[in-house]
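Novice: So here's structure-v6.cif, just mmCIF, C-alpha atoms:
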```
data_target
loop_
_atom_site.group_PDB
_atom_site.id
_atom_site.type_symbol
_atom_site.label_atom_id
_atom_site.label_comp_id
_atom_site.auth_asym_id
_atom_site.auth_seq_id
_atom_site.Cartn_x
_atom_site.Cartn_y
_atom_site.Cartn_z
ATOM 1 C CA MET A 1 -48.601 7.216 -249.792
ATOM 2 C CA ASP A 2 -46.691 10.032 -248.069
ATOM 3 C CA CYS A 3 -44.393 12.554 -249.695
ATOM 4 C CA VAL A 4 -42.005 14.841 -247.840
ATOM 5 C CA ILE A 5 -39.883 17.547 -249.463
ATOM 6 C CA TYR A 6 -36.549 18.291 -247.745
ATOM 7 C CA GLN A 7 -34.494 21.447 -248.109
ATOM 8 C CA GLU A 8 -30.837 20.464 -248.498
ATOM 9 C CA GLN A 9 -29.635 23.852 -247.263
ATOM 10 C CA THR A 10 -31.557 23.867 -243.985
ATOM 11 C CA GLY A 11 -32.805 20.291 -243.527
ATOM 12 C CA GLU A 12 -36.357 21.560 -243.129
ATOM 13 C CA CYS A 13 -39.175 19.416 -244.495
ATOM 14 C CA GLU A 14 -42.557 19.982 -246.065
ATOM 15 C CA LYS A 15 -45.160 17.228 -245.997
ATOM 16 C CA ILE A 16 -47.434 16.834 -249.005
ATOM 17 C CA GLY A 17 -51.033 15.968 -248.156
ATOM 18 C CA ALA A 18 -52.435 12.560 -249.112
ATOM 19 C CA GLY A 19 -56.125 13.326 -249.088
ATOM 20 C CA GLN A 20 -56.779 12.673 -252.755
ATOM 21 C CA GLU A 21 -58.707 9.674 -253.989
ATOM 22 C CA ASP A 22 -55.555 8.214 -255.491
ATOM 23 C CA GLY A 23 -53.876 8.214 -252.071
ATOM 24 C CA GLY A 24 -51.933 11.397 -252.774
ATOM 25 C CA CYS A 25 -50.171 10.076 -255.857
ATOM 26 C CA GLN A 26 -51.190 12.965 -258.100
ATOM 27 C CA GLY A 27 -50.321 15.545 -255.462
ATOM 28 C CA ALA A 28 -46.888 13.985 -255.038
ATOM 29 C CA LEU A 29 -46.315 13.968 -258.807
ATOM 30 C CA ASP A 30 -47.303 17.620 -259.087
ATOM 31 C CA ARG A 31 -44.920 18.578 -256.279
ATOM 32 C CA LEU A 32 -42.107 16.481 -257.759
ATOM 33 C CA ALA A 33 -42.487 18.364 -261.028
ATOM 34 C CA ALA A 34 -41.886 21.634 -259.165
ATOM 35 C CA LEU A 35 -38.796 20.536 -257.193
ATOM 36 C CA LYS A 36 -36.057 23.134 -256.882
ATOM 37 C CA PRO A 37 -32.362 22.290 -257.350
ATOM 38 C CA ASP A 38 -31.739 22.388 -253.595
ATOM 39 C CA GLU A 39 -34.698 20.127 -252.734
ATOM 40 C CA PHE A 40 -35.258 16.392 -252.736
ATOM 41 C CA ALA A 41 -38.377 14.327 -252.149
ATOM 42 C CA TRP A 42 -38.911 11.263 -250.006
ATOM 43 C CA ILE A 43 -41.902 9.228 -251.119
ATOM 44 C CA ARG A 44 -43.104 6.516 -248.727
ATOM 45 C CA MET A 45 -45.423 3.774 -249.964
ATOM 46 C CA ASP A 46 -46.854 1.114 -247.633
ATOM 47 C CA ASP A 47 -48.102 -2.082 -249.312
ATOM 48 C CA PRO A 48 -48.957 -0.130 -252.478
ATOM 49 C CA ARG A 49 -51.266 -1.271 -255.218
ATOM 50 C CA GLU A 50 -49.506 -2.384 -258.353
ATOM 51 C CA ASP A 51 -51.070 0.368 -260.475
ATOM 52 C CA GLU A 52 -49.907 3.059 -258.020
ATOM 53 C CA LEU A 53 -46.390 1.696 -258.010
ATOM 54 C CA GLN A 54 -46.384 1.381 -261.797
ATOM 55 C CA ARG A 55 -47.593 4.951 -262.255
ATOM 56 C CA LEU A 56 -45.027 6.423 -259.879
ATOM 57 C CA GLY A 57 -42.260 4.219 -261.270
ATOM 58 C CA GLU A 58 -42.910 5.401 -264.795
ATOM 59 C CA TYR A 59 -42.808 9.037 -263.681
ATOM 60 C CA LEU A 60 -39.513 8.504 -261.819
ATOM 61 C CA LYS A 61 -38.152 6.499 -264.784
ATOM 62 C CA LEU A 62 -37.508 3.392 -262.699
ATOM 63 C CA HIS A 63 -36.429 0.253 -264.492
ATOM 64 C CA PRO A 64 -39.287 -2.241 -265.057
ATOM 65 C CA LEU A 65 -37.318 -4.922 -263.200
ATOM 66 C CA ALA A 66 -36.941 -2.598 -260.217
ATOM 67 C CA ILE A 67 -40.689 -1.962 -260.185
ATOM 68 C CA GLU A 68 -41.320 -5.700 -260.384
ATOM 69 C CA ASP A 69 -38.984 -6.355 -257.432
ATOM 70 C CA ALA A 70 -40.739 -3.704 -255.358
ATOM 71 C CA ALA A 71 -44.173 -5.115 -256.154
ATOM 72 C CA GLN A 72 -43.354 -8.779 -255.440
ATOM 73 C CA ALA A 73 -41.579 -8.159 -252.112
ATOM 74 C CA HIS A 74 -39.737 -11.483 -252.066
ATOM 75 C CA GLN A 75 -36.217 -10.236 -252.636
ATOM 76 C CA ARG A 76 -32.957 -11.183 -251.022
ATOM 77 C CA PRO A 77 -31.097 -8.222 -249.460
ATOM 78 C CA LYS A 78 -29.196 -6.680 -252.340
ATOM 79 C CA GLN A 79 -28.275 -3.504 -254.201
ATOM 80 C CA GLU A 80 -28.571 -2.879 -257.910
ATOM 81 C CA ARG A 81 -27.831 0.116 -260.066
ATOM 82 C CA TYR A 82 -30.214 1.093 -262.869
ATOM 83 C CA GLY A 83 -28.626 4.076 -264.581
ATOM 84 C CA ASP A 84 -28.618 6.942 -262.068
ATOM 85 C CA VAL A 85 -31.053 5.134 -259.747
ATOM 86 C CA LEU A 86 -29.798 2.881 -256.938
ATOM 87 C CA ALA A 87 -32.184 0.138 -255.767
ATOM 88 C CA VAL A 88 -31.599 -1.473 -252.356
ATOM 89 C CA ALA A 89 -33.655 -4.330 -250.930
ATOM 90 C CA VAL A 90 -33.593 -4.779 -247.145
ATOM 91 C CA LYS A 91 -35.439 -7.279 -244.955
ATOM 92 C CA THR A 92 -37.258 -5.888 -241.942
ATOM 93 C CA LEU A 93 -37.386 -8.133 -238.901
ATOM 94 C CA TRP A 94 -39.064 -8.182 -235.507
ATOM 95 C CA PHE A 95 -39.577 -10.680 -232.679
ATOM 96 C CA VAL A 96 -43.059 -11.708 -231.512
ATOM 97 C CA GLU A 97 -42.816 -12.537 -227.802
ATOM 98 C CA GLN A 98 -46.179 -14.339 -227.561
ATOM 99 C CA THR A 99 -45.204 -16.989 -230.132
ATOM 100 C CA ALA A 100 -41.389 -16.651 -230.025
ATOM 101 C CA ASP A 101 -41.466 -16.155 -233.792
ATOM 102 C CA VAL A 102 -39.202 -13.987 -235.909
ATOM 103 C CA GLU A 103 -41.377 -12.184 -238.450
ATOM 104 C CA THR A 104 -39.953 -10.557 -241.570
ATOM 105 C CA GLY A 105 -41.015 -7.935 -244.060
ATOM 106 C CA GLU A 106 -39.256 -5.989 -246.767
ATOM 107 C CA VAL A 107 -38.360 -2.443 -247.726
ATOM 108 C CA MET A 108 -37.216 -1.429 -251.212
ATOM 109 C CA ILE A 109 -35.284 1.837 -251.302
ATOM 110 C CA PHE A 110 -34.771 3.718 -254.558
ATOM 111 C CA LEU A 111 -32.354 6.644 -254.676
ATOM 112 C CA GLY A 112 -32.349 9.065 -257.584
ATOM 113 C CA PRO A 113 -30.649 12.430 -258.112
ATOM 114 C CA SER A 114 -33.503 14.314 -256.435
ATOM 115 C CA PHE A 115 -35.714 11.703 -254.806
ATOM 116 C CA ALA A 116 -35.839 8.745 -252.465
ATOM 117 C CA LEU A 117 -38.633 6.192 -252.772
ATOM 118 C CA THR A 118 -39.298 3.557 -250.104
ATOM 119 C CA VAL A 119 -41.763 0.721 -250.692
ATOM 120 C CA ARG A 120 -42.630 -1.191 -247.529
ATOM 121 C CA HIS A 121 -44.236 -4.622 -247.169
ATOM 122 C CA GLY A 122 -45.016 -6.183 -243.791
ATOM 123 C CA ALA A 123 -46.327 -5.108 -240.405
ATOM 124 C CA ASN A 124 -43.163 -3.409 -239.182
ATOM 125 C CA ASP A 125 -42.645 0.137 -240.495
ATOM 126 C CA PRO A 126 -39.053 1.394 -240.091
ATOM 127 C CA THR A 127 -39.691 4.391 -242.349
ATOM 128 C CA ALA A 128 -41.772 6.176 -239.696
ATOM 129 C CA GLU A 129 -38.907 6.053 -237.182
ATOM 130 C CA ALA A 130 -36.431 6.981 -239.931
ATOM 131 C CA ALA A 131 -38.517 10.058 -240.803
ATOM 132 C CA ARG A 132 -38.575 11.070 -237.141
ATOM 133 C CA ARG A 133 -34.787 10.796 -236.932
ATOM 134 C CA LEU A 134 -34.314 12.949 -240.019
ATOM 135 C CA THR A 135 -36.606 15.550 -238.484
ATOM 136 C CA ASP A 136 -34.718 15.481 -235.176
ATOM 137 C CA VAL A 137 -31.288 15.616 -236.869
ATOM 138 C CA PRO A 138 -31.708 17.967 -239.846
ATOM 139 C CA GLN A 139 -27.977 18.113 -240.575
ATOM 140 C CA ILE A 140 -28.206 14.550 -241.907
ATOM 141 C CA ALA A 141 -31.161 15.457 -244.140
ATOM 142 C CA ARG A 142 -28.964 18.135 -245.695
ATOM 143 C CA LEU A 143 -26.869 15.381 -247.281
ATOM 144 C CA GLY A 144 -29.548 14.657 -249.859
ATOM 145 C CA PRO A 145 -31.490 11.502 -250.806
ATOM 146 C CA VAL A 146 -28.720 9.244 -249.464
ATOM 147 C CA SER A 147 -29.684 10.407 -245.956
ATOM 148 C CA VAL A 148 -32.950 8.456 -246.374
ATOM 149 C CA LEU A 149 -31.005 5.293 -247.176
ATOM 150 C CA HIS A 150 -28.902 5.772 -244.066
ATOM 151 C CA ALA A 151 -31.880 6.542 -241.812
ATOM 152 C CA VAL A 152 -33.913 3.526 -242.967
ATOM 153 C CA THR A 153 -31.026 1.038 -242.787
ATOM 154 C CA ASP A 154 -30.009 2.407 -239.383
ATOM 155 C CA VAL A 155 -33.497 1.793 -237.970
ATOM 156 C CA ILE A 156 -33.677 -1.694 -239.490
ATOM 157 C CA VAL A 157 -30.247 -2.681 -238.120
ATOM 158 C CA ASP A 158 -31.254 -1.401 -234.672
ATOM 159 C CA ASP A 159 -34.334 -3.644 -234.879
ATOM 160 C CA TYR A 160 -32.029 -6.544 -235.771
ATOM 161 C CA ALA A 161 -30.014 -6.001 -232.592
ATOM 162 C CA LEU A 162 -33.168 -5.842 -230.472
ATOM 163 C CA ALA A 163 -34.546 -9.042 -232.007
ATOM 164 C CA ALA A 164 -31.197 -10.814 -231.514
ATOM 165 C CA ALA A 165 -31.256 -9.929 -227.803
ATOM 166 C CA GLN A 166 -34.779 -11.337 -227.469
ATOM 167 C CA VAL A 167 -33.821 -14.542 -229.281
ATOM 168 C CA ARG A 168 -30.838 -14.948 -226.960
ATOM 169 C CA THR A 169 -33.178 -14.625 -223.964
ATOM 170 C CA ASP A 170 -35.318 -17.434 -225.371
ATOM 171 C CA LEU A 171 -32.209 -19.506 -226.001
ATOM 172 C CA THR A 172 -31.045 -18.995 -222.409
ATOM 173 C CA ASP A 173 -34.417 -20.262 -221.162
ATOM 174 C CA LEU A 174 -34.084 -23.300 -223.421
ATOM 175 C CA GLU A 175 -30.618 -24.042 -222.076
ATOM 176 C CA ARG A 176 -31.941 -23.980 -218.501
ATOM 177 C CA CYS A 177 -34.718 -26.411 -219.462
ATOM 178 C CA VAL A 178 -32.356 -28.749 -221.316
ATOM 179 C CA PHE A 179 -29.930 -29.034 -218.405
ATOM 180 C CA SER A 180 -32.596 -29.187 -215.691
ATOM 181 C CA PRO A 181 -33.510 -32.502 -213.984
ATOM 182 C CA ALA A 182 -36.969 -32.445 -215.595
ATOM 183 C CA ARG A 183 -37.596 -35.025 -218.309
ATOM 184 C CA ASP A 184 -39.323 -32.799 -220.870
ATOM 185 C CA ASP A 185 -38.976 -33.395 -224.590
ATOM 186 C CA LEU A 186 -37.847 -30.015 -225.957
ATOM 187 C CA THR A 187 -36.861 -31.166 -229.445
ATOM 188 C CA ALA A 188 -39.758 -29.445 -231.218
ATOM 189 C CA ARG A 189 -39.202 -26.202 -229.296
ATOM 190 C CA ILE A 190 -35.482 -26.161 -230.046
ATOM 191 C CA TYR A 191 -36.040 -26.922 -233.711
ATOM 192 C CA ALA A 192 -38.676 -24.177 -233.976
ATOM 193 C CA LEU A 193 -36.289 -21.592 -232.511
ATOM 194 C CA LYS A 194 -33.493 -22.790 -234.782
ATOM 195 C CA ARG A 195 -35.760 -22.320 -237.795
ATOM 196 C CA GLU A 196 -36.431 -18.733 -236.662
ATOM 197 C CA VAL A 197 -32.687 -18.118 -236.290
ATOM 198 C CA VAL A 198 -32.126 -19.425 -239.825
ATOM 199 C CA GLU A 199 -34.707 -16.927 -241.082
ATOM 200 C CA PHE A 200 -32.929 -14.257 -239.054
ATOM 201 C CA ARG A 201 -29.593 -15.232 -240.566
ATOM 202 C CA ASP A 202 -30.983 -15.113 -244.108
ATOM 203 C CA ALA A 203 -32.052 -11.517 -243.503
ATOM 204 C CA VAL A 204 -28.825 -10.317 -241.879
ATOM 205 C CA GLN A 205 -25.941 -12.056 -243.645
ATOM 206 C CA PRO A 206 -26.669 -10.942 -247.242
ATOM 207 C CA LEU A 207 -27.049 -7.357 -246.026
ATOM 208 C CA VAL A 208 -23.507 -7.197 -244.587
ATOM 209 C CA PRO A 209 -21.668 -6.815 -247.938
ATOM 210 C CA VAL A 210 -24.325 -4.368 -249.139
ATOM 211 C CA VAL A 211 -23.806 -2.012 -246.198
ATOM 212 C CA GLN A 212 -20.037 -2.513 -246.359
ATOM 213 C CA HIS A 213 -20.180 -1.222 -249.930
ATOM 214 C CA PHE A 214 -21.819 1.976 -248.677
ATOM 215 C CA THR A 215 -18.866 2.648 -246.342
ATOM 216 C CA ALA A 216 -16.607 3.333 -249.313
ATOM 217 C CA PRO A 217 -16.602 6.848 -250.837
ATOM 218 C CA HIS A 218 -18.944 7.341 -253.801
ATOM 219 C CA ASP A 219 -18.606 10.080 -256.372
ATOM 220 C CA ASP A 220 -22.322 10.913 -256.330
ATOM 221 C CA TRP A 221 -22.629 10.915 -252.511
ATOM 222 C CA PRO A 222 -21.495 13.530 -249.998
ATOM 223 C CA GLN A 223 -18.375 12.370 -248.181
ATOM 224 C CA GLN A 224 -19.946 13.334 -244.845
ATOM 225 C CA ILE A 225 -22.345 10.374 -245.062
ATOM 226 C CA VAL A 226 -19.558 7.757 -245.035
ATOM 227 C CA PRO A 227 -18.945 7.779 -241.227
ATOM 228 C CA TYR A 228 -22.672 7.289 -240.650
ATOM 229 C CA PHE A 229 -22.697 4.201 -242.855
ATOM 230 C CA ARG A 230 -19.604 2.906 -241.071
ATOM 231 C CA ASP A 231 -21.538 3.099 -237.815
ATOM 232 C CA VAL A 232 -24.426 1.144 -239.370
ATOM 233 C CA ALA A 233 -21.987 -1.427 -240.774
ATOM 234 C CA ASP A 234 -20.382 -1.861 -237.338
ATOM 235 C CA HIS A 235 -23.756 -2.503 -235.684
ATOM 236 C CA LEU A 236 -24.750 -4.891 -238.461
ATOM 237 C CA THR A 237 -21.488 -6.840 -238.185
ATOM 238 C CA ARG A 238 -21.990 -7.273 -234.452
ATOM 239 C CA THR A 239 -25.532 -8.498 -235.012
ATOM 240 C CA ASP A 240 -24.326 -10.881 -237.726
ATOM 241 C CA THR A 241 -21.749 -12.304 -235.319
ATOM 242 C CA GLU A 242 -24.454 -12.647 -232.663
ATOM 243 C CA VAL A 243 -26.781 -14.497 -235.041
ATOM 244 C CA ARG A 244 -24.003 -16.894 -236.076
ATOM 245 C CA ALA A 245 -23.276 -17.573 -232.408
ATOM 246 C CA LEU A 246 -26.980 -18.187 -231.727
ATOM 247 C CA ASP A 247 -27.150 -20.646 -234.614
ATOM 248 C CA ASP A 248 -24.100 -22.550 -233.335
ATOM 249 C CA LEU A 249 -25.411 -22.548 -229.758
ATOM 250 C CA LEU A 250 -28.782 -23.888 -230.866
ATOM 251 C CA ALA A 251 -27.078 -26.714 -232.723
ATOM 252 C CA SER A 252 -25.100 -27.543 -229.559
ATOM 253 C CA VAL A 253 -28.224 -27.335 -227.394
ATOM 254 C CA LEU A 254 -30.062 -29.667 -229.762
ATOM 255 C CA ASP A 255 -27.177 -32.172 -229.660
ATOM 256 C CA ALA A 256 -27.059 -31.970 -225.861
ATOM 257 C CA HIS A 257 -30.811 -32.520 -225.603
ATOM 258 C CA LEU A 258 -30.703 -35.516 -227.941
ATOM 259 C CA ALA A 259 -27.846 -36.956 -225.888
ATOM 260 C CA LYS A 260 -29.903 -36.413 -222.745
ATOM 261 C CA VAL A 261 -32.883 -38.165 -224.338
ATOM 262 C CA GLY A 262 -30.579 -41.065 -225.207
ATOM 263 C CA THR A 263 -29.428 -41.184 -221.575
ATOM 264 C CA TRP A 264 -33.063 -41.317 -220.436
ATOM 265 C CA GLN A 265 -33.690 -44.248 -222.753
ATOM 266 C CA ASN A 266 -30.581 -46.070 -221.498
ATOM 267 C CA ASP A 267 -31.701 -45.541 -217.897
ATOM 268 C CA ASP A 268 -35.127 -46.947 -218.716
ATOM 269 C CA MET A 269 -33.618 -49.965 -220.450
ATOM 270 C CA ARG A 270 -31.339 -50.646 -217.475
ATOM 271 C CA ARG A 271 -34.278 -50.512 -215.076
ATOM 272 C CA ILE A 272 -36.309 -52.844 -217.264
ATOM 273 C CA SER A 273 -33.359 -55.221 -217.602
ATOM 274 C CA ALA A 274 -32.727 -55.169 -213.850
ATOM 275 C CA TRP A 275 -36.328 -56.002 -212.983
ATOM 276 C CA ALA A 276 -36.365 -58.703 -215.664
ATOM 277 C CA ALA A 277 -33.276 -60.281 -214.108
ATOM 278 C CA ILE A 278 -34.814 -60.098 -210.625
ATOM 279 C CA LEU A 279 -38.020 -61.759 -211.793
ATOM 280 C CA ALA A 280 -36.041 -64.399 -213.700
ATOM 281 C CA ILE A 281 -34.980 -66.205 -210.472
ATOM 282 C CA PRO A 282 -38.481 -66.957 -209.093
ATOM 283 C CA THR A 283 -39.601 -67.718 -212.644
ATOM 284 C CA MET A 284 -36.802 -70.220 -213.060
ATOM 285 C CA VAL A 285 -37.420 -71.936 -209.705
ATOM 286 C CA ALA A 286 -41.179 -72.028 -210.253
ATOM 287 C CA GLY A 287 -40.631 -73.371 -213.740
ATOM 288 C CA ILE A 288 -38.444 -76.209 -212.490
ATOM 289 C CA TYR A 289 -40.875 -77.273 -209.787
ATOM 290 C CA GLY A 290 -43.793 -76.878 -212.127
ATOM 291 C CA MET A 291 -42.610 -79.629 -214.471
ATOM 292 C CA ASN A 292 -44.402 -82.252 -212.288
ATOM 293 C CA PHE A 293 -41.752 -84.976 -212.454
ATOM 294 C CA ALA A 294 -42.351 -87.912 -210.145
ATOM 295 C CA HIS A 295 -38.875 -88.063 -208.636
ATOM 296 C CA MET A 296 -37.855 -84.502 -207.746
ATOM 297 C CA PRO A 297 -35.946 -83.553 -204.552
ATOM 298 C CA GLU A 298 -37.862 -82.123 -201.646
ATOM 299 C CA LEU A 299 -41.271 -82.955 -203.161
ATOM 300 C CA ASP A 300 -42.198 -85.028 -200.116
ATOM 301 C CA TRP A 301 -40.246 -82.896 -197.659
ATOM 302 C CA ARG A 302 -42.375 -80.951 -195.173
ATOM 303 C CA TYR A 303 -40.307 -77.757 -195.505
ATOM 304 C CA GLY A 304 -39.650 -77.969 -199.276
ATOM 305 C CA TYR A 305 -42.255 -75.377 -200.215
ATOM 306 C CA PRO A 306 -41.086 -72.724 -197.692
ATOM 307 C CA CYS A 307 -37.457 -73.342 -198.668
ATOM 308 C CA ALA A 308 -38.265 -72.838 -202.367
ATOM 309 C CA LEU A 309 -39.999 -69.549 -201.585
ATOM 310 C CA ALA A 310 -37.105 -68.478 -199.387
ATOM 311 C CA ALA A 311 -34.611 -69.289 -202.169
ATOM 312 C CA MET A 312 -36.669 -67.207 -204.603
ATOM 313 C CA ALA A 313 -36.828 -64.257 -202.197
ATOM 314 C CA LEU A 314 -33.135 -64.482 -201.306
ATOM 315 C CA GLY A 315 -31.995 -64.599 -204.937
ATOM 316 C CA ALA A 316 -34.288 -61.729 -205.944
ATOM 317 C CA GLY A 317 -33.210 -59.687 -202.907
ATOM 318 C CA LEU A 318 -29.505 -60.161 -203.619
ATOM 319 C CA LEU A 319 -29.973 -59.091 -207.239
ATOM 320 C CA TYR A 320 -32.044 -56.092 -206.166
ATOM 321 C CA ARG A 321 -29.305 -55.028 -203.759
ATOM 322 C CA ALA A 322 -26.618 -55.401 -206.416
ATOM 323 C CA PHE A 323 -28.560 -53.414 -209.028
ATOM 324 C CA ARG A 324 -29.405 -50.771 -206.454
ATOM 325 C CA HIS A 325 -25.756 -50.454 -205.484
ATOM 326 C CA ASN A 326 -24.721 -50.044 -209.145
ATOM 327 C CA GLY A 327 -27.347 -47.382 -209.795
ATOM 328 C CA TRP A 328 -29.538 -49.438 -212.098
ATOM 329 C CA LEU A 329 -32.562 -49.024 -209.844
#
```
Take the structure I supplied and represent it as structure tokens, if you would.

Specialist:
Amino acid sequence: MDCVIYQEQTGECEKIGAGQEDGGCQGALDRLAALKPDEFAWIRMDDPREDELQRLGEYLKLHPLAIEDAAQAHQRPKQERYGDVLAVAVKTLWFVEQTADVETGEVMIFLGPSFALTVRHGANDPTAEAARRLTDVPQIARLGPVSVLHAVTDVIVDDYALAAAQVRTDLTDLERCVFSPARDDLTARIYALKREVVEFRDAVQPLVPVVQHFTAPHDDWPQQIVPYFRDVADHLTRTDTEVRALDDLLASVLDAHLAKVGTWQNDDMRRISAWAAILAIPTMVAGIYGMNFAHMPELDWRYGYPCALAAMALGAGLLYRAFRHNGWL
């Protein structure tokens, strides 16, 4: 657990050490008890133990349901108000190039009058980049705990845009494969990417109305933060549009591939039918002369056998030429 104290007047920060056996929890609690009116604390917890989260939640007077949501880490993007504490759940998302998978995590953000608490689950850590941005741009940190909400959501939305660009690159490669002359079955690959896009969509779409709500003025927030949230909302809306387009394109690519597979099957059936028709002529002639009737024409003729073979070859050749001309072979 990390705890940083920000000065609202200057934007300067003071990091509280986390060398204690309890991961710095007691040190953070002691420093929170001594907060000045012009200070606010940002507490960052990464995959915390339930007892640590419970202890800190009780000190910060978080609602038991909010603590439960933060501990379970299986929440849909949402915002909820518990008294003077705002709880926001956001899905983190990143693209794994080796497996072409979209991996997700979760960050719970709690905003109180003098604190911000982030609880992260998953491999991706947007809070580290958000902390760096607040350090580089101290004028945003002067806006109070809501600056943490903006910084974290801004980093997460930027990661969304990056992942969407990588998914589109994979989709472009799939389109080239689908419309290439090669006869490769790409159904499983297309379906796998579509499943990742659905997971992407489930993380992005519910967050759009949440961030849109932050673009409206709030009585307990500085008005200067509103343009920053509008910028985040604009980026998120563009990513949401991109994800919807990717989902529609994948559905079209899957339909095109299935149609192409059907064309392959029709071509195979035509070839099989053409060769069956070609072989039917010698089979028919051989079948007639194989019935061993006593009085059949040309049985005693010296050139009957060569003529029968020639008739078979001529009929099969004519059919082969016709099928070849029509593109069946």

Novice: Counting only C-alpha atoms, which of A:Arg31, A:Lys194, A:His213, A:His235 gets nearest to Asp248 in chain A?

Specialist: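 Nearest candidate to Asp248 in chain A out of A:Arg31, A:Lys194, A:His213, A:His235: A:Lys194.
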
Novice: As an exercise, work out the distance from CA of Leu162 in chain A to CA of Arg244 in chain A in Å and give it to one decimal place.

Specialist: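 CA of Arg244 in chain A lies at a distance of 15.4 Å from CA of Leu162 in chain A.
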
Novice: So, counting all atoms listed in the file, which residue among A:Leu279, A:Val146, A:Leu314, A:Met1 is closest to Asp220 in chain A?

Specialist: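 Checking each candidate against Asp220 in chain A, we get A:Val146 as the closest.
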
Novice: Work out how far CA of Ile225 in chain A is from CA of Leu117 in chain A, in Å to one decimal.

Specialist: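 We find that CA of Leu117 in chain A and CA of Ile225 in chain A lie 18.5 Å from each other.
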
Novice: Which residues would end up in the selection if the PyMOL selection byres ((chain A and resi 181-188) around 8) were applied here, given that I need the answer as a PyMOL selection string?

Specialist: chain A and resi 177-180+189-192+254+257-258+261

Novice: My list of candidates is A:Arg270, A:Thr127, A:Met284, A:Val155. Which is closest to Val232 in chain A when distances are computed with all atoms listed in the file?

Specialist: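 Closest to Val232 in chain A of all the choices is A:Val155.
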
Novice: Closest to Glu39 in chain A among A:Glu97, A:Glu8, A:Glu58, A:Asp51, using all atoms listed in the file?

Specialist: A:Glu8

Novice: What does the distance between CA of Gln98 in chain A and CA of Thr169 in chain A come to in Å, to one decimal place?

Specialist: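 Computed distance, CA of Gln98 in chain A to CA of Thr169 in chain A, equals 13.5 Å.
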
Novice: Which residues fall under the PyMOL selection byres ((chain A and resi 102) around 10) in this file, as a compact mmCIF listing (two decimals) with C-alpha atoms, in the coordinates of the input?

Specialist:
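selection.txt, written as the output of this step:
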```
# COMPACT_ATOMS: atom_id res chain seq x y z
CA LEU A 93 -37.39 -8.13 -238.90
CA TRP A 94 -39.06 -8.18 -235.51
CA PHE A 95 -39.58 -10.68 -232.68
CA VAL A 96 -43.06 -11.71 -231.51
CA GLU A 97 -42.82 -12.54 -227.80
CA THR A 99 -45.20 -16.99 -230.13
CA ALA A 100 -41.39 -16.65 -230.02
CA ASP A 101 -41.47 -16.16 -233.79
CA GLU A 103 -41.38 -12.18 -238.45
CA THR A 104 -39.95 -10.56 -241.57
CA ALA A 163 -34.55 -9.04 -232.01
CA ALA A 164 -31.20 -10.81 -231.51
CA GLN A 166 -34.78 -11.34 -227.47
CA VAL A 167 -33.82 -14.54 -229.28
CA LEU A 193 -36.29 -21.59 -232.51
CA ARG A 195 -35.76 -22.32 -237.80
CA GLU A 196 -36.43 -18.73 -236.66
CA VAL A 197 -32.69 -18.12 -236.29
CA VAL A 198 -32.13 -19.42 -239.82
CA GLU A 199 -34.71 -16.93 -241.08
CA PHE A 200 -32.93 -14.26 -239.05
```
